[in-house]
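Heads up, protein-v3.txt below (compact mmCIF, N, CA and C atoms):
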```
# COMPACT_ATOMS: atom_id res chain seq x y z
N MET A 30 0.84 -1.18 0.00
CA MET A 30 0.00 0.00 0.00
C MET A 30 0.89 1.25 0.00
N PRO A 31 0.66 2.17 -0.91
CA PRO A 31 1.45 3.41 -0.93
C PRO A 31 1.21 4.22 0.35
N ILE A 32 2.26 4.86 0.84
CA ILE A 32 2.16 5.64 2.07
C ILE A 32 1.09 6.72 1.95
N GLU A 33 0.92 7.27 0.76
CA GLU A 33 -0.07 8.32 0.58
C GLU A 33 -1.49 7.82 0.81
N ASP A 34 -1.69 6.50 0.65
CA ASP A 34 -3.01 5.92 0.83
C ASP A 34 -3.27 5.46 2.27
N MET A 35 -2.26 5.51 3.11
CA MET A 35 -2.37 5.03 4.48
C MET A 35 -3.09 6.07 5.33
N THR A 36 -4.09 5.64 6.06
CA THR A 36 -4.82 6.55 6.94
C THR A 36 -4.84 5.99 8.35
N PHE A 37 -5.24 6.82 9.29
CA PHE A 37 -5.36 6.41 10.68
C PHE A 37 -6.32 5.23 10.81
N ALA A 38 -7.30 5.16 9.92
CA ALA A 38 -8.30 4.09 9.98
C ALA A 38 -7.69 2.70 9.80
N GLU A 39 -6.52 2.61 9.17
CA GLU A 39 -5.88 1.30 8.97
C GLU A 39 -5.06 0.84 10.17
N SER A 40 -4.80 1.73 11.11
CA SER A 40 -3.98 1.37 12.26
C SER A 40 -4.76 0.48 13.21
N GLU A 41 -4.14 -0.64 13.57
CA GLU A 41 -4.78 -1.61 14.47
C GLU A 41 -3.80 -2.08 15.53
N TYR A 42 -4.35 -2.52 16.63
CA TYR A 42 -3.56 -3.10 17.72
C TYR A 42 -4.01 -4.54 17.90
N HIS A 43 -3.05 -5.46 17.84
CA HIS A 43 -3.31 -6.89 17.99
C HIS A 43 -2.74 -7.36 19.32
N ARG A 44 -3.55 -8.02 20.10
CA ARG A 44 -3.08 -8.64 21.35
C ARG A 44 -3.73 -10.02 21.41
N GLY A 45 -2.91 -11.02 21.17
CA GLY A 45 -3.47 -12.37 21.05
C GLY A 45 -4.37 -12.41 19.83
N GLN A 46 -5.58 -12.89 20.01
CA GLN A 46 -6.54 -12.96 18.90
C GLN A 46 -7.43 -11.73 18.83
N LYS A 47 -7.31 -10.83 19.80
CA LYS A 47 -8.14 -9.64 19.84
C LYS A 47 -7.50 -8.52 19.03
N VAL A 48 -8.35 -7.77 18.32
CA VAL A 48 -7.88 -6.67 17.47
C VAL A 48 -8.73 -5.44 17.73
N TRP A 49 -8.04 -4.32 17.97
CA TRP A 49 -8.71 -3.04 18.15
C TRP A 49 -8.24 -2.08 17.07
N LYS A 50 -9.15 -1.30 16.54
CA LYS A 50 -8.77 -0.21 15.65
C LYS A 50 -8.24 0.92 16.54
N ALA A 51 -7.25 1.65 16.04
CA ALA A 51 -6.70 2.76 16.81
C ALA A 51 -7.80 3.75 17.16
N GLN A 52 -8.70 4.00 16.24
CA GLN A 52 -9.79 4.95 16.49
C GLN A 52 -10.66 4.50 17.66
N THR A 53 -10.91 3.20 17.77
CA THR A 53 -11.68 2.67 18.90
C THR A 53 -10.99 2.99 20.21
N LEU A 54 -9.67 2.80 20.25
CA LEU A 54 -8.92 3.07 21.48
C LEU A 54 -8.96 4.55 21.84
N TYR A 55 -8.78 5.43 20.85
CA TYR A 55 -8.82 6.86 21.12
C TYR A 55 -10.20 7.29 21.58
N ASP A 56 -11.24 6.79 20.93
CA ASP A 56 -12.61 7.16 21.32
C ASP A 56 -12.92 6.69 22.74
N PHE A 57 -12.48 5.49 23.08
CA PHE A 57 -12.71 4.94 24.41
C PHE A 57 -11.96 5.77 25.46
N ALA A 58 -10.70 6.11 25.18
CA ALA A 58 -9.90 6.91 26.12
C ALA A 58 -10.53 8.29 26.32
N LYS A 59 -11.04 8.86 25.26
CA LYS A 59 -11.68 10.17 25.35
C LYS A 59 -12.96 10.09 26.18
N ALA A 60 -13.77 9.05 25.92
CA ALA A 60 -15.02 8.88 26.66
C ALA A 60 -14.76 8.66 28.16
N ARG A 61 -13.68 7.98 28.47
CA ARG A 61 -13.31 7.71 29.87
C ARG A 61 -12.55 8.88 30.50
N GLU A 62 -12.22 9.87 29.67
CA GLU A 62 -11.49 11.05 30.11
C GLU A 62 -10.15 10.71 30.76
N TYR A 63 -9.45 9.72 30.17
CA TYR A 63 -8.11 9.38 30.65
C TYR A 63 -7.19 10.57 30.38
N PRO A 64 -6.36 10.92 31.34
CA PRO A 64 -5.49 12.09 31.15
C PRO A 64 -4.34 11.82 30.18
N VAL A 65 -3.90 12.88 29.53
CA VAL A 65 -2.70 12.83 28.69
C VAL A 65 -1.53 13.22 29.58
N MET A 66 -0.49 12.38 29.60
CA MET A 66 0.68 12.66 30.43
C MET A 66 1.92 12.78 29.56
N ASP A 67 2.94 13.39 30.11
CA ASP A 67 4.25 13.43 29.47
C ASP A 67 5.04 12.24 30.01
N MET A 68 5.26 11.25 29.16
CA MET A 68 5.95 10.03 29.58
C MET A 68 7.41 10.10 29.17
N PRO A 69 8.32 9.88 30.11
CA PRO A 69 9.75 9.88 29.76
C PRO A 69 10.06 8.76 28.77
N LEU A 70 10.82 9.08 27.75
CA LEU A 70 11.17 8.08 26.74
C LEU A 70 12.10 6.99 27.29
N TRP A 71 12.87 7.31 28.31
CA TRP A 71 13.81 6.33 28.84
C TRP A 71 13.11 5.14 29.48
N CYS A 72 11.82 5.28 29.82
CA CYS A 72 11.14 4.17 30.49
C CYS A 72 10.38 3.26 29.52
N ILE A 73 10.53 3.47 28.22
CA ILE A 73 9.82 2.66 27.24
C ILE A 73 10.68 1.48 26.81
N ASN A 74 10.09 0.30 26.84
CA ASN A 74 10.76 -0.92 26.41
C ASN A 74 10.91 -0.87 24.89
N LEU A 75 12.13 -0.90 24.40
CA LEU A 75 12.39 -0.80 22.96
C LEU A 75 12.67 -2.15 22.32
N THR A 76 12.29 -3.24 22.96
CA THR A 76 12.56 -4.57 22.40
C THR A 76 11.41 -5.09 21.54
N ALA A 77 10.32 -4.35 21.44
CA ALA A 77 9.17 -4.77 20.62
C ALA A 77 9.54 -4.76 19.14
N GLU A 78 8.85 -5.57 18.36
CA GLU A 78 9.02 -5.59 16.91
C GLU A 78 7.68 -5.26 16.25
N PRO A 79 7.31 -3.97 16.27
CA PRO A 79 5.99 -3.59 15.78
C PRO A 79 5.85 -3.52 14.26
N PHE A 80 6.98 -3.49 13.53
CA PHE A 80 6.92 -3.33 12.09
C PHE A 80 7.54 -4.52 11.38
N GLU A 81 6.99 -4.85 10.24
CA GLU A 81 7.57 -5.87 9.36
C GLU A 81 8.53 -5.14 8.44
N CYS A 82 9.82 -5.35 8.64
CA CYS A 82 10.84 -4.65 7.83
C CYS A 82 11.84 -5.63 7.26
N GLY A 83 11.38 -6.79 6.84
CA GLY A 83 12.28 -7.80 6.31
C GLY A 83 12.87 -7.45 4.95
N GLN A 84 12.22 -6.54 4.24
CA GLN A 84 12.72 -6.15 2.92
C GLN A 84 12.86 -4.64 2.88
N LEU A 85 13.71 -4.16 2.00
CA LEU A 85 14.01 -2.73 1.93
C LEU A 85 12.76 -1.89 1.70
N HIS A 86 11.86 -2.32 0.83
CA HIS A 86 10.66 -1.50 0.57
C HIS A 86 9.81 -1.37 1.83
N SER A 87 9.78 -2.41 2.68
CA SER A 87 9.04 -2.34 3.94
C SER A 87 9.69 -1.35 4.89
N PHE A 88 11.01 -1.38 4.95
CA PHE A 88 11.75 -0.45 5.79
C PHE A 88 11.50 0.99 5.34
N ILE A 89 11.58 1.26 4.05
CA ILE A 89 11.36 2.61 3.52
C ILE A 89 9.95 3.07 3.84
N PHE A 90 8.97 2.19 3.70
CA PHE A 90 7.58 2.51 4.02
C PHE A 90 7.46 2.97 5.48
N GLN A 91 8.09 2.22 6.40
CA GLN A 91 7.99 2.56 7.82
C GLN A 91 8.75 3.85 8.14
N VAL A 92 9.90 4.05 7.52
CA VAL A 92 10.65 5.29 7.74
C VAL A 92 9.85 6.48 7.26
N LYS A 93 9.18 6.34 6.13
CA LYS A 93 8.34 7.44 5.62
C LYS A 93 7.19 7.73 6.57
N ARG A 94 6.60 6.69 7.14
CA ARG A 94 5.52 6.90 8.11
C ARG A 94 6.04 7.64 9.35
N VAL A 95 7.25 7.32 9.79
CA VAL A 95 7.85 8.03 10.93
C VAL A 95 8.05 9.50 10.55
N ALA A 96 8.62 9.74 9.40
CA ALA A 96 8.89 11.12 8.97
C ALA A 96 7.60 11.92 8.84
N ASP A 97 6.53 11.29 8.37
CA ASP A 97 5.28 12.00 8.11
C ASP A 97 4.36 12.16 9.31
N CYS A 98 4.62 11.44 10.41
CA CYS A 98 3.69 11.50 11.54
C CYS A 98 3.90 12.79 12.33
N THR A 99 2.92 13.09 13.16
CA THR A 99 2.98 14.27 14.01
C THR A 99 3.03 13.86 15.47
N LEU A 100 3.74 14.63 16.25
CA LEU A 100 3.82 14.37 17.69
C LEU A 100 2.71 15.09 18.45
N ASP A 101 1.77 15.68 17.72
CA ASP A 101 0.66 16.38 18.36
C ASP A 101 -0.31 15.43 19.05
N ASN A 102 -0.38 14.19 18.57
CA ASN A 102 -1.31 13.21 19.14
C ASN A 102 -0.58 12.29 20.11
N PRO A 103 -1.20 11.98 21.25
CA PRO A 103 -0.53 11.11 22.21
C PRO A 103 -0.50 9.66 21.74
N ILE A 104 0.49 8.92 22.24
CA ILE A 104 0.49 7.48 22.00
C ILE A 104 -0.49 6.87 22.99
N ILE A 105 -0.94 5.66 22.70
CA ILE A 105 -1.87 4.96 23.58
C ILE A 105 -1.18 3.74 24.17
N LEU A 106 -1.21 3.63 25.50
CA LEU A 106 -0.71 2.45 26.18
C LEU A 106 -1.92 1.61 26.61
N ASP A 107 -1.83 0.30 26.41
CA ASP A 107 -2.95 -0.55 26.80
C ASP A 107 -3.00 -0.70 28.32
N ASP A 108 -3.91 -1.53 28.80
CA ASP A 108 -4.10 -1.69 30.23
C ASP A 108 -2.97 -2.45 30.91
N THR A 109 -2.02 -2.96 30.14
CA THR A 109 -0.83 -3.60 30.73
C THR A 109 0.41 -2.72 30.56
N GLY A 110 0.26 -1.55 29.94
CA GLY A 110 1.37 -0.63 29.76
C GLY A 110 2.11 -0.78 28.44
N GLN A 111 1.63 -1.67 27.55
CA GLN A 111 2.27 -1.85 26.24
C GLN A 111 1.73 -0.80 25.26
N ILE A 112 2.55 -0.42 24.30
CA ILE A 112 2.09 0.55 23.30
C ILE A 112 1.08 -0.12 22.39
N ALA A 113 -0.12 0.45 22.36
CA ALA A 113 -1.19 -0.06 21.51
C ALA A 113 -1.26 0.75 20.21
N ASP A 114 -0.87 2.00 20.26
CA ASP A 114 -0.83 2.84 19.06
C ASP A 114 0.21 3.92 19.29
N GLY A 115 1.09 4.12 18.31
CA GLY A 115 2.01 5.23 18.41
C GLY A 115 3.48 4.90 18.22
N TYR A 116 3.81 3.73 17.69
CA TYR A 116 5.22 3.40 17.50
C TYR A 116 5.93 4.35 16.54
N HIS A 117 5.24 4.82 15.50
CA HIS A 117 5.88 5.76 14.57
C HIS A 117 6.18 7.08 15.28
N ARG A 118 5.24 7.54 16.13
CA ARG A 118 5.46 8.77 16.89
C ARG A 118 6.59 8.58 17.90
N LEU A 119 6.64 7.41 18.53
CA LEU A 119 7.72 7.11 19.46
C LEU A 119 9.08 7.21 18.75
N CYS A 120 9.18 6.58 17.59
CA CYS A 120 10.43 6.63 16.82
C CYS A 120 10.80 8.07 16.48
N LYS A 121 9.82 8.85 16.06
CA LYS A 121 10.09 10.24 15.69
C LYS A 121 10.59 11.03 16.90
N ALA A 122 9.94 10.83 18.04
CA ALA A 122 10.36 11.56 19.25
C ALA A 122 11.80 11.21 19.62
N ILE A 123 12.15 9.94 19.54
CA ILE A 123 13.53 9.53 19.86
C ILE A 123 14.50 10.14 18.87
N LEU A 124 14.19 10.06 17.58
CA LEU A 124 15.09 10.60 16.56
C LEU A 124 15.25 12.11 16.66
N GLU A 125 14.22 12.79 17.15
CA GLU A 125 14.29 14.25 17.31
C GLU A 125 14.94 14.66 18.63
N GLY A 126 15.32 13.69 19.45
CA GLY A 126 15.99 14.01 20.70
C GLY A 126 15.06 14.45 21.82
N GLN A 127 13.78 14.15 21.69
CA GLN A 127 12.83 14.50 22.75
C GLN A 127 13.14 13.69 24.00
N GLU A 128 12.74 14.19 25.14
CA GLU A 128 12.91 13.45 26.39
C GLU A 128 11.62 12.79 26.85
N THR A 129 10.50 13.33 26.39
CA THR A 129 9.19 12.78 26.76
C THR A 129 8.30 12.69 25.52
N ILE A 130 7.21 11.97 25.68
CA ILE A 130 6.19 11.89 24.63
C ILE A 130 4.83 11.92 25.31
N LYS A 131 3.87 12.55 24.66
CA LYS A 131 2.50 12.58 25.19
C LYS A 131 1.94 11.16 25.12
N ALA A 132 1.29 10.73 26.19
CA ALA A 132 0.78 9.36 26.26
C ALA A 132 -0.51 9.32 27.07
N ILE A 133 -1.35 8.36 26.70
CA ILE A 133 -2.57 8.05 27.45
C ILE A 133 -2.45 6.59 27.87
N ARG A 134 -2.65 6.33 29.15
CA ARG A 134 -2.62 4.95 29.67
C ARG A 134 -4.04 4.48 29.89
N MET A 135 -4.41 3.42 29.18
CA MET A 135 -5.73 2.82 29.35
C MET A 135 -5.76 2.07 30.68
N LEU A 136 -6.80 2.24 31.44
CA LEU A 136 -6.96 1.50 32.68
C LEU A 136 -7.77 0.23 32.45
N GLU A 137 -8.53 0.23 31.38
CA GLU A 137 -9.28 -0.94 30.94
C GLU A 137 -9.39 -0.85 29.43
N MET A 138 -9.65 -1.98 28.81
CA MET A 138 -9.75 -2.01 27.35
C MET A 138 -11.21 -2.08 26.93
N PRO A 139 -11.54 -1.43 25.82
CA PRO A 139 -12.90 -1.58 25.29
C PRO A 139 -13.05 -2.97 24.67
N ALA A 140 -14.24 -3.31 24.29
CA ALA A 140 -14.45 -4.56 23.57
C ALA A 140 -13.65 -4.50 22.28
N PRO A 141 -13.01 -5.59 21.88
CA PRO A 141 -12.23 -5.56 20.63
C PRO A 141 -13.15 -5.38 19.43
N ASP A 142 -12.59 -4.82 18.38
CA ASP A 142 -13.34 -4.65 17.14
C ASP A 142 -13.59 -5.99 16.44
N ARG A 143 -12.67 -6.92 16.65
CA ARG A 143 -12.85 -8.26 16.12
C ARG A 143 -11.95 -9.23 16.87
N VAL A 144 -12.28 -10.49 16.77
CA VAL A 144 -11.47 -11.56 17.35
C VAL A 144 -11.11 -12.50 16.20
N GLU A 145 -9.81 -12.70 16.01
CA GLU A 145 -9.36 -13.56 14.92
C GLU A 145 -9.28 -15.01 15.42
N GLU A 146 -9.49 -15.92 14.51
CA GLU A 146 -9.42 -17.34 14.88
C GLU A 146 -8.18 -17.99 14.34
```
Once you've parsed the file, please lay out its structure as structure tokens.
Amino acid sequence: MPIEDMTFAESEYHRGQKVWKAQTLYDFAKAREYPVMDMPLWCINLTAEPFECGQLHSFIFQVKRVADCTLDNPIILDDTGQIADGYHRLCKAILEGQETIKAIRMLEMPAPDRVEE
């Protein structure tokens, strides 16, 4: 998929067989009035593998998404503290030398948008 065709609507969070759309998570956090905090970048676990970058075109696609994203929107942490949405923003913040990133921590998860079998 060309980067120009990528929208927020395509962003999803997978945990086990459960899948949430990023928009579902943001809407739920807003409805619950979870606060936006400044989270220090040093406390984020960087061992996750959120992107498929086995080939150069995949790597370029992800780098372009990092370059094109905005840090105006907070990242979303799930109810266990894992990043559910915002890896591109996290990368951008680190590359720009930021010390913190805006984040919302979910205290509970909404119903998933779908369950995969």
Long-range neighbours of range 68-80 of chain A as a PyMOL selection string, 7 Å cut-off, only N, CA and C atoms, 2 positions minimum in chain: chain A and resi 66+82-83+127-132
Contacts of Asp107 in chain A within 7 Å, only C-alpha atoms, excl. fewer than 2 positions in-chain, as a list of chain:residue names: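 Near Asp107 in chain A, the qualifying residues are A:Ile105, A:Thr109, A:Gly110, A:Gln111, A:Ile112, A:Ala113, A:Arg134, A:Met135, A:Met138.
Note that the spacing between CA of Leu85 in chain A and CA of Gly45 in chain A amounts to 27.6 Å.
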Distance in Å - CA of Cys98 in chain A versus CA of Ile133 in chain A: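 We find that CA of Cys98 in chain A and CA of Ile133 in chain A lie 17.4 Å from each other.
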Option closest in space to Asp108 in chain A, from A:Tyr63, A:Leu124, A:Val92, A:Glu137 [counting only C-alpha atoms]: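 Closest residue, counting only C-alpha atoms: A:Glu137.
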